[in-house]
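Everything below belongs to input.txt, which stores compact mmCIF, C-alpha atoms.
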# COMPACT_ATOMS: atom_id res chain seq x y z
CA MET A 329 0.00 0.00 0.00
CA ILE A 330 2.91 2.33 0.74
CA TRP A 331 4.34 1.86 -2.77
CA PHE A 332 1.00 2.64 -4.37
CA THR A 333 0.47 5.74 -2.21
CA LEU A 334 4.01 6.83 -3.13
CA LEU A 335 3.06 6.42 -6.79
CA LEU A 336 0.02 8.66 -6.26
CA VAL A 337 2.18 11.26 -4.49
CA LEU A 338 4.57 11.22 -7.46
CA LEU A 339 1.57 11.69 -9.77
CA VAL A 340 0.52 14.83 -7.92
CA LEU A 341 4.13 16.11 -7.84
CA ALA A 342 4.44 15.64 -11.61
CA ALA A 343 1.18 17.55 -12.13
CA LEU A 344 2.48 20.28 -9.81
CA TRP A 345 5.68 20.49 -11.87
CA ALA A 346 3.60 20.75 -15.05
CA SER A 347 1.66 23.69 -13.67
CA MET A 348 4.60 25.50 -12.04
CA ALA A 349 7.50 25.06 -14.48
CA THR A 350 8.62 28.39 -15.89
CA ALA A 351 9.63 27.08 -19.33
CA LEU A 352 6.77 25.78 -21.47
CA LEU A 353 8.73 22.77 -22.68
CA ARG A 354 9.44 21.72 -19.10
CA ALA A 355 5.75 22.11 -18.29
CA MET A 356 4.93 19.79 -21.19
CA LEU A 357 7.53 17.32 -19.99
CA GLY A 358 5.80 17.42 -16.59
CA LEU A 359 2.47 16.74 -18.26
CA ALA A 360 3.90 13.78 -20.19
CA LEU A 361 5.36 12.46 -16.93
CA THR A 362 1.94 12.85 -15.27
CA SER A 363 0.37 10.80 -18.07
CA ALA A 364 3.06 8.13 -17.81
CA LEU A 365 2.64 7.86 -14.03
CA LEU A 366 -1.15 7.70 -14.44
CA ALA A 367 -0.61 4.85 -16.91
CA VAL A 368 1.49 3.02 -14.28
CA VAL A 369 -1.25 3.57 -11.68
CA MET A 370 -3.86 2.22 -14.11
CA PHE A 371 -1.70 -0.78 -14.91
CA ALA A 372 -1.23 -1.53 -11.20
CA MET A 373 -5.01 -1.39 -10.73
CA GLY A 374 -5.63 -3.84 -13.54
CA ALA A 375 -6.81 -1.42 -16.25
CA THR A 376 -4.22 -2.58 -18.77
CA LEU A 377 -5.98 -1.54 -21.99
CA ALA A 378 -6.73 1.96 -20.72
CA ALA A 379 -3.13 2.21 -19.42
CA VAL A 380 -1.70 1.42 -22.84
CA LEU A 381 -3.95 4.02 -24.46
CA GLU A 382 -3.07 6.60 -21.80
CA LEU A 383 0.63 5.99 -22.35
CA SER A 384 0.57 6.01 -26.14
CA VAL A 385 -2.04 8.68 -26.78
CA CYS A 386 -1.77 11.06 -23.83
CA ALA A 387 1.94 10.78 -23.02
CA GLY A 388 2.88 10.46 -26.70
CA LEU A 389 0.51 12.03 -29.18
CA ILE A 390 -0.75 14.91 -27.03
CA SER A 391 2.81 15.83 -26.00
CA VAL A 392 3.80 15.95 -29.67
CA VAL A 393 0.82 18.18 -30.49
CA MET A 394 1.60 20.55 -27.63
CA VAL A 395 5.30 20.78 -28.45
CA SER A 396 4.34 21.50 -32.07
CA VAL A 397 2.06 24.33 -30.96
CA THR A 398 4.83 25.81 -28.85
CA SER A 399 7.34 25.57 -31.68
CA LEU A 400 4.93 27.32 -34.06
CA THR A 401 4.56 30.31 -31.74
CA GLN A 402 7.38 32.81 -31.34
CA PRO A 403 9.09 33.20 -27.98
CA ARG A 404 8.70 36.40 -26.05
CA SER A 405 11.41 39.00 -25.79
CA LEU A 406 13.71 38.63 -22.77
CA LYS A 407 12.17 41.64 -20.99
CA GLU A 408 8.62 40.34 -21.46
CA ALA A 409 9.68 36.83 -20.40
CA VAL A 410 11.21 38.10 -17.14
CA ALA A 411 8.11 40.16 -16.34
CA ALA A 412 5.78 37.25 -17.14
CA ARG A 413 7.88 34.90 -15.01
CA ARG A 414 7.69 37.22 -11.98
CA SER A 415 3.96 37.64 -12.43
CA ARG A 416 3.45 33.87 -12.74
CA LEU A 417 5.54 33.10 -9.67
CA ARG A 418 3.55 35.68 -7.69
CA ARG A 419 0.31 33.92 -8.63
CA LEU A 420 1.59 30.34 -8.33
CA TRP A 421 3.73 30.26 -5.18
CA PRO A 422 0.81 29.43 -2.84
CA LEU A 423 -0.14 26.37 -4.91
CA PRO A 424 2.25 23.82 -3.28
CA LEU A 425 1.26 25.08 0.17
CA VAL A 426 -2.45 24.86 -0.69
CA LEU A 427 -1.99 21.32 -2.04
CA ILE A 428 -0.09 20.20 1.08
CA ALA A 429 -2.72 21.79 3.34
CA ALA A 430 -5.56 20.22 1.34
CA GLY A 431 -3.83 16.81 1.39
CA VAL A 432 -3.27 16.94 5.15
CA ALA A 433 -6.82 18.19 5.79
CA LEU A 434 -8.39 15.51 3.60
CA SER A 435 -6.29 12.76 5.15
CA PHE A 436 -7.54 13.71 8.62
CA VAL A 437 -11.16 14.32 7.68
CA ARG A 438 -13.34 11.23 7.58
CA VAL A 439 -16.51 11.00 5.54
CA PRO A 440 -19.52 10.81 7.83
CA VAL A 441 -21.20 8.22 5.62
CA ASP A 442 -19.44 5.10 4.43
CA ILE A 443 -19.45 5.04 0.66
CA VAL A 444 -19.87 1.46 -0.38
CA PHE A 445 -20.23 0.41 -3.96
CA ARG A 446 -22.97 -2.20 -4.09
CA LEU A 447 -22.68 -3.18 -7.71
CA PRO A 448 -22.18 -6.84 -8.55
CA ALA A 449 -18.51 -7.50 -9.15
CA GLY A 450 -17.05 -8.83 -12.36
CA ASP A 451 -18.49 -7.41 -15.54
CA GLY A 452 -16.52 -9.43 -18.04
CA ASP A 453 -13.84 -8.47 -20.45
CA VAL A 454 -13.27 -4.88 -21.54
CA ARG A 455 -13.51 -5.88 -25.21
CA THR A 456 -16.95 -7.39 -24.63
CA VAL A 457 -18.09 -4.26 -22.82
CA LEU A 458 -16.67 -1.95 -25.47
CA TRP A 459 -17.89 -3.77 -28.59
CA SER A 460 -21.11 -5.36 -27.31
CA MET A 461 -22.52 -3.24 -24.49
CA ARG A 462 -21.26 0.30 -25.23
CA GLN A 463 -21.72 0.48 -28.99
CA LEU A 464 -23.33 3.92 -28.68
CA ASP A 465 -20.11 5.15 -27.07
CA LEU A 466 -18.13 3.98 -30.11
CA PHE A 467 -20.56 5.77 -32.42
CA GLY A 468 -20.16 8.91 -30.30
CA GLN A 469 -16.37 8.59 -30.42
CA ILE A 470 -16.41 8.39 -34.21
CA LEU A 471 -18.65 11.48 -34.36
CA ILE A 472 -16.36 13.36 -31.97
CA LEU A 473 -13.29 12.44 -34.02
CA LEU A 474 -15.03 13.67 -37.19
CA ALA A 475 -16.06 16.86 -35.39
CA GLY A 476 -12.41 17.35 -34.38
CA VAL A 477 -11.23 16.85 -37.96
CA PHE A 478 -13.78 19.35 -39.27
CA GLY A 479 -12.87 21.76 -36.48
CA VAL A 480 -9.21 21.69 -37.45
CA LEU A 481 -10.08 22.05 -41.15
CA VAL A 482 -12.19 25.13 -40.40
CA LEU A 483 -9.50 26.62 -38.15
CA PHE A 484 -6.76 26.19 -40.75
CA ARG A 485 -8.90 27.23 -43.72
CA LYS A 486 -7.33 29.93 -45.83
CA GLU A 487 -9.58 32.82 -46.68
CA ALA A 488 -10.37 33.25 -50.37
CA LYS A 489 -8.90 36.42 -51.83
CA MET B 855 7.43 -7.52 -5.54
CA THR B 856 3.66 -7.23 -5.50
CA ILE B 857 2.04 -3.85 -5.03
CA GLU B 858 -0.91 -3.90 -2.66
CA ILE B 859 -3.72 -1.70 -3.96
CA PRO B 860 -5.68 0.14 -1.25
CA THR B 861 -9.46 -0.12 -1.14
CA SER B 862 -10.15 3.12 0.70
CA PHE B 863 -12.46 5.43 -1.24
CA TRP B 864 -11.20 8.44 0.71
CA LEU B 865 -7.58 7.89 -0.36
CA TYR B 866 -8.54 7.97 -4.02
CA PHE B 867 -10.81 10.95 -3.46
CA THR B 868 -7.96 12.83 -1.73
CA PHE B 869 -5.60 12.43 -4.66
CA PHE B 870 -8.37 13.18 -7.15
CA ALA B 871 -9.11 16.41 -5.25
CA LEU B 872 -5.42 17.39 -5.21
CA LEU B 873 -5.06 16.85 -8.96
CA PHE B 874 -8.30 18.72 -9.64
CA LEU B 875 -7.24 21.65 -7.46
CA ASP B 876 -3.87 21.74 -9.23
CA GLY B 877 -5.55 21.86 -12.65
CA ILE B 878 -8.01 24.60 -11.63
CA TRP B 879 -5.21 26.70 -10.10
CA CYS B 880 -3.03 26.22 -13.19
CA MET B 881 -5.87 27.51 -15.39
CA LEU B 882 -6.72 30.47 -13.18
CA ALA B 883 -3.19 31.65 -12.39
CA THR B 884 -1.93 32.03 -15.92
CA ARG B 885 -2.50 34.33 -18.89
CA ASN B 886 -0.77 32.04 -21.38
CA LEU B 887 -3.15 30.00 -23.55
CA VAL B 888 -0.81 26.98 -23.72
CA ARG B 889 -0.71 26.86 -19.93
CA VAL B 890 -4.52 27.01 -19.84
CA LEU B 891 -4.45 23.92 -22.08
CA ILE B 892 -2.03 22.25 -19.65
CA GLY B 893 -4.51 23.03 -16.83
CA ILE B 894 -7.36 21.44 -18.80
CA GLU B 895 -5.16 18.38 -19.37
CA ILE B 896 -4.46 18.05 -15.63
CA LEU B 897 -8.21 18.26 -14.96
CA MET B 898 -8.77 15.47 -17.49
CA LYS B 899 -6.09 13.36 -15.78
CA SER B 900 -7.84 13.76 -12.43
CA VAL B 901 -11.17 12.65 -13.91
CA THR B 902 -9.53 9.67 -15.65
CA PHE B 903 -7.88 8.65 -12.38
CA PHE B 904 -11.17 8.88 -10.47
CA LEU B 905 -13.04 6.85 -13.10
CA ILE B 906 -10.48 4.06 -12.84
CA ALA B 907 -10.59 4.22 -9.02
CA ALA B 908 -14.41 3.99 -9.09
CA GLY B 909 -14.19 1.01 -11.45
CA TYR B 910 -11.66 -0.69 -9.20
CA LEU B 911 -13.67 -0.11 -6.02
CA SER B 912 -16.94 -1.24 -7.55
CA GLY B 913 -15.45 -4.28 -9.30
CA ARG B 914 -16.55 -2.88 -12.67
CA MET B 915 -13.13 -2.34 -14.18
CA ALA B 916 -14.15 -3.31 -17.71
CA LEU B 917 -16.88 -0.67 -17.77
CA ALA B 918 -14.52 1.91 -16.26
CA GLN B 919 -11.91 1.13 -18.91
CA ALA B 920 -14.50 1.54 -21.68
CA LEU B 921 -15.42 4.96 -20.26
CA VAL B 922 -11.76 5.95 -19.87
CA ILE B 923 -11.10 5.05 -23.51
CA THR B 924 -13.96 7.37 -24.47
CA VAL B 925 -12.50 10.11 -22.26
CA ILE B 926 -9.08 9.70 -23.91
CA VAL B 927 -10.58 10.03 -27.40
CA ILE B 928 -12.44 13.18 -26.35
CA GLU B 929 -9.24 14.49 -24.70
CA VAL B 930 -7.28 14.13 -27.94
CA VAL B 931 -9.93 15.92 -29.98
CA VAL B 932 -10.19 18.71 -27.40
CA VAL B 933 -6.40 19.18 -27.35
CA VAL B 934 -6.12 19.25 -31.14
CA VAL B 935 -8.97 21.74 -31.57
CA ILE B 936 -7.68 23.99 -28.78
CA ALA B 937 -4.20 23.80 -30.35
CA GLY B 938 -5.73 25.06 -33.59
CA VAL B 939 -7.51 27.85 -31.72
CA ILE B 940 -4.23 28.81 -30.02
CA LEU B 941 -2.40 28.99 -33.35
CA GLY B 942 -5.20 31.08 -34.89
CA PHE B 943 -5.14 33.38 -31.86
CA PHE B 944 -1.37 33.75 -32.13
CA ARG B 945 -1.53 34.59 -35.83
CA LYS B 946 -4.13 37.29 -35.16
CA HIS B 947 -2.70 38.87 -32.03
CA ASP B 948 0.98 37.86 -32.22
CA SER B 949 0.71 36.87 -28.58
CA LEU B 950 -0.64 34.06 -26.40
CA ASP B 951 -1.93 36.39 -23.68
CA VAL B 952 -5.60 35.68 -22.92
CA GLY B 953 -6.02 39.36 -22.10
CA ASN B 954 -6.03 40.01 -25.85
CA ALA B 955 -9.26 38.03 -26.15
CA ARG B 956 -11.18 40.85 -24.50
CA ASP B 957 -11.32 42.91 -27.68
CA MET B 958 -12.67 40.05 -29.80
CA LYS B 959 -16.00 40.46 -31.53
CA GLY B 960 -18.92 38.16 -30.89
Turn this file's structure into structure tokens for me.
Amino acid sequence: MIWFTLLLVLLVLAALWASMATALLRAMLGLALTSALLAVVMFAMGATLAAVLELSVCAGLISVVMVSVTSLTQPRSLKEAVAARRSRLRRLWPLPLVLIAAGVALSFVRVPVDIVFRLPAGDGDVRTVLWSMRQLDLFGQILILLAGVFGVLVLFRKEAK
Amino acid sequence: MTIEIPTSFWLYFTFFALLFLDGIWCMLATRNLVRVLIGIEILMKSVTFFLIAAGYLSGRMALAQALVITVIVIEVVVVVVIAGVILGFFRKHDSLDVGNARDMKG
């Protein structure tokens, strides 16, 4: 249990790094690390298929997209960068303290009502659930992907002269 | 070495809350659009984590995985579309500062 809790603490630390890093590329590295650690947590909990997707899509593809966006935008001038960094640090320095305080408070607080999941255990294989029971989800995913493709096409459309 | 997985709902809720708070703070404390996207991503991670935890605690891991796969697909589309919006915003304003969005029409 200690190892798993340590893994969760590392997950939160990686997310904290992603939100506090001054350089954008480091922040994206933190985000990729968060995804990778989340994939490890999922794998440890038995969600192997979702873990593989999280690792390949979120830690891989999304990181590539975000790095591409950053590389396509010009960096700020040194003066602007220093001013922005000071302003960011002023707004972000309480975050680690707030997270520690929230973690300590939540670990001491107990829920007044016991939350017990009373669903029958064991719902079969994920492939059966995905392809046989949640077909509407797959249809929705295809529609969302198409909507994303059309969205990108509209965003990158060149205006006719 | 085998890793023992805890079965306490409150432990999972605590770490979900911490990740969620981190994502919200990251979105609110910045003026850079890419960092807002990073905040949205952290929020998505917290929701993904909580879905898996709920599936584990209820014994419905297959259903939770199916939902997480859906969340990941939506996440990718959201990131790609927002990335396009960010690039369009940068081409128009030559900056990623959200403060520039105030003078937009519509």
**Study point:** Residue nearest Ser415 in chain A - candidates B:Ala883, B:Thr868, B:Arg914, B:Ala955, atoms counted: all atoms listed in the file
**Key:**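 Ranking B:Ala883, B:Thr868, B:Arg914, B:Ala955 by distance to Ser415 in chain A, first place goes to B:Ala883.
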Exercise for review: Would you mind reading off the distance between CA of Leu873 in chain B and CA of Ser900 in chain B, one decimal, in Å?
Suggested key: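 That distance, rounded to one decimal, is 5.4 Å.
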Study note, to complete from the structure: Glu382 in chain A proximity check over B:Phe903, B:Tyr910, B:Phe943, B:Phe870, using all atoms listed in the file: winner is B:Phe903
Point to revise | Spatial neighbours of Glu858 in chain B, max dist 8 Å, all atoms listed in the file, sep filter under 6 positions, as a ChimeraX atom specification | key: /A:329,331-332
Practice item. Dump as an MDAnalysis selection string the residues of chain B that approach chain A to within 8 Å, counting all atoms listed in the file. Key: chainID B and resid 857:860 863:865 868:869 872:873 875:877 879:880 883:884 888:889 892:893 895:896 899 903 906 910:917 919:920 922:924 926:928 930:935 937:942 944
Check your understanding: In Å to one decimal, how far is CA of Phe904 in chain B from CA of Leu361 in chain A?
Key ->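 CA of Leu361 in chain A sits 18.1 Å away from CA of Phe904 in chain B.
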Point to revise | Between CA of Val952 in chain B and CA of Lys486 in chain A - distance in Å to one decimal | key: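 About the pair CA of Lys486 in chain A and CA of Val952 in chain B: they are 23.7 Å apart.
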Kindly list the centre and edge lengths in Å, rounded to one decimal, for the axis-aligned box that covers all listed atoms of range 869-884 of chain B plus 3 Å on each of its six sides, as JSON.
{"center_x": -5.5, "center_y": 22.2, "center_z": -10.3, "size_x": 13.2, "size_y": 25.6, "size_z": 17.3}
Point to revise | Distance criterion (all atoms listed in the file): nearest to Val392 in chain A out of A:Leu425, A:Leu353, A:Leu365, A:Val410 | key: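 Checking each of A:Leu425, A:Leu353, A:Leu365, A:Val410 against Val392 in chain A, counting all atoms listed in the file, the winner is A:Leu353.
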Regenerate range 417-442 of chain A at the level of N, CA and C atoms and dump it as a PDB file, in the coordinates of the input.
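The result, written out as result-v6.pdb:
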ATOM      1  N   LEU A 417       5.087  33.602 -10.975  1.00  0.00           N
ATOM      2  CA  LEU A 417       5.540  33.100  -9.670  1.00  0.00           C
ATOM      3  C   LEU A 417       4.719  33.714  -8.539  1.00  0.00           C
ATOM      4  N   ARG A 418       4.350  35.008  -8.728  1.00  0.00           N
ATOM      5  CA  ARG A 418       3.550  35.680  -7.690  1.00  0.00           C
ATOM      6  C   ARG A 418       2.185  34.987  -7.538  1.00  0.00           C
ATOM      7  N   ARG A 419       1.629  34.546  -8.683  1.00  0.00           N
ATOM      8  CA  ARG A 419       0.310  33.920  -8.630  1.00  0.00           C
ATOM      9  C   ARG A 419       0.374  32.444  -8.250  1.00  0.00           C
ATOM     10  N   LEU A 420       1.523  31.789  -8.508  1.00  0.00           N
ATOM     11  CA  LEU A 420       1.590  30.340  -8.330  1.00  0.00           C
ATOM     12  C   LEU A 420       2.253  29.867  -7.046  1.00  0.00           C
ATOM     13  N   TRP A 421       2.981  30.767  -6.341  1.00  0.00           N
ATOM     14  CA  TRP A 421       3.730  30.260  -5.180  1.00  0.00           C
ATOM     15  C   TRP A 421       2.852  29.648  -4.100  1.00  0.00           C
ATOM     16  N   PRO A 422       1.587  30.099  -3.909  1.00  0.00           N
ATOM     17  CA  PRO A 422       0.810  29.430  -2.840  1.00  0.00           C
ATOM     18  C   PRO A 422       0.343  28.034  -3.207  1.00  0.00           C
ATOM     19  N   LEU A 423       0.434  27.643  -4.488  1.00  0.00           N
ATOM     20  CA  LEU A 423      -0.140  26.370  -4.910  1.00  0.00           C
ATOM     21  C   LEU A 423       0.412  25.152  -4.165  1.00  0.00           C
ATOM     22  N   PRO A 424       1.754  24.992  -4.035  1.00  0.00           N
ATOM     23  CA  PRO A 424       2.250  23.820  -3.280  1.00  0.00           C
ATOM     24  C   PRO A 424       1.758  23.805  -1.837  1.00  0.00           C
ATOM     25  N   LEU A 425       1.722  25.017  -1.221  1.00  0.00           N
ATOM     26  CA  LEU A 425       1.260  25.080   0.170  1.00  0.00           C
ATOM     27  C   LEU A 425      -0.213  24.688   0.275  1.00  0.00           C
ATOM     28  N   VAL A 426      -1.011  25.186  -0.690  1.00  0.00           N
ATOM     29  CA  VAL A 426      -2.450  24.860  -0.690  1.00  0.00           C
ATOM     30  C   VAL A 426      -2.644  23.357  -0.890  1.00  0.00           C
ATOM     31  N   LEU A 427      -1.852  22.769  -1.790  1.00  0.00           N
ATOM     32  CA  LEU A 427      -1.990  21.320  -2.040  1.00  0.00           C
ATOM     33  C   LEU A 427      -1.603  20.513  -0.805  1.00  0.00           C
ATOM     34  N   ILE A 428      -0.506  20.922  -0.135  1.00  0.00           N
ATOM     35  CA  ILE A 428      -0.090  20.200   1.080  1.00  0.00           C
ATOM     36  C   ILE A 428      -1.172  20.320   2.153  1.00  0.00           C
ATOM     37  N   ALA A 429      -1.684  21.572   2.315  1.00  0.00           N
ATOM     38  CA  ALA A 429      -2.720  21.790   3.340  1.00  0.00           C
ATOM     39  C   ALA A 429      -3.975  20.980   3.016  1.00  0.00           C
ATOM     40  N   ALA A 430      -4.361  20.975   1.737  1.00  0.00           N
ATOM     41  CA  ALA A 430      -5.560  20.220   1.340  1.00  0.00           C
ATOM     42  C   ALA A 430      -5.339  18.722   1.553  1.00  0.00           C
ATOM     43  N   GLY A 431      -4.122  18.232   1.210  1.00  0.00           N
ATOM     44  CA  GLY A 431      -3.830  16.810   1.390  1.00  0.00           C
ATOM     45  C   GLY A 431      -3.879  16.411   2.849  1.00  0.00           C
ATOM     46  N   VAL A 432      -3.268  17.251   3.713  1.00  0.00           N
ATOM     47  CA  VAL A 432      -3.270  16.940   5.150  1.00  0.00           C
ATOM     48  C   VAL A 432      -4.692  16.990   5.699  1.00  0.00           C
ATOM     49  N   ALA A 433      -5.448  18.044   5.294  1.00  0.00           N
ATOM     50  CA  ALA A 433      -6.820  18.190   5.790  1.00  0.00           C
ATOM     51  C   ALA A 433      -7.679  17.000   5.356  1.00  0.00           C
ATOM     52  N   LEU A 434      -7.560  16.617   4.093  1.00  0.00           N
ATOM     53  CA  LEU A 434      -8.390  15.510   3.600  1.00  0.00           C
ATOM     54  C   LEU A 434      -7.993  14.168   4.197  1.00  0.00           C
ATOM     55  N   SER A 435      -6.690  14.031   4.555  1.00  0.00           N
ATOM     56  CA  SER A 435      -6.290  12.760   5.150  1.00  0.00           C
ATOM     57  C   SER A 435      -6.757  12.642   6.597  1.00  0.00           C
ATOM     58  N   PHE A 436      -7.045  13.789   7.243  1.00  0.00           N
ATOM     59  CA  PHE A 436      -7.540  13.710   8.620  1.00  0.00           C
ATOM     60  C   PHE A 436      -9.066  13.687   8.691  1.00  0.00           C
ATOM     61  N   VAL A 437      -9.691  14.284   7.672  1.00  0.00           N
ATOM     62  CA  VAL A 437     -11.160  14.320   7.680  1.00  0.00           C
ATOM     63  C   VAL A 437     -11.678  12.944   7.300  1.00  0.00           C
ATOM     64  N   ARG A 438     -12.714  12.508   7.941  1.00  0.00           N
ATOM     65  CA  ARG A 438     -13.340  11.230   7.580  1.00  0.00           C
ATOM     66  C   ARG A 438     -14.753  11.522   7.056  1.00  0.00           C
ATOM     67  N   VAL A 439     -15.160  10.788   6.066  1.00  0.00           N
ATOM     68  CA  VAL A 439     -16.510  11.000   5.540  1.00  0.00           C
ATOM     69  C   VAL A 439     -17.513  10.491   6.556  1.00  0.00           C
ATOM     70  N   PRO A 440     -18.553  11.263   6.828  1.00  0.00           N
ATOM     71  CA  PRO A 440     -19.520  10.810   7.830  1.00  0.00           C
ATOM     72  C   PRO A 440     -20.274   9.548   7.391  1.00  0.00           C
ATOM     73  N   VAL A 441     -20.470   9.398   6.104  1.00  0.00           N
ATOM     74  CA  VAL A 441     -21.200   8.220   5.620  1.00  0.00           C
ATOM     75  C   VAL A 441     -20.212   7.317   4.875  1.00  0.00           C
ATOM     76  N   ASP A 442     -20.289   6.051   5.149  1.00  0.00           N
ATOM     77  CA  ASP A 442     -19.440   5.100   4.430  1.00  0.00           C
ATOM     78  C   ASP A 442     -19.942   4.946   2.998  1.00  0.00           C
TER      79      ASP A 442
END
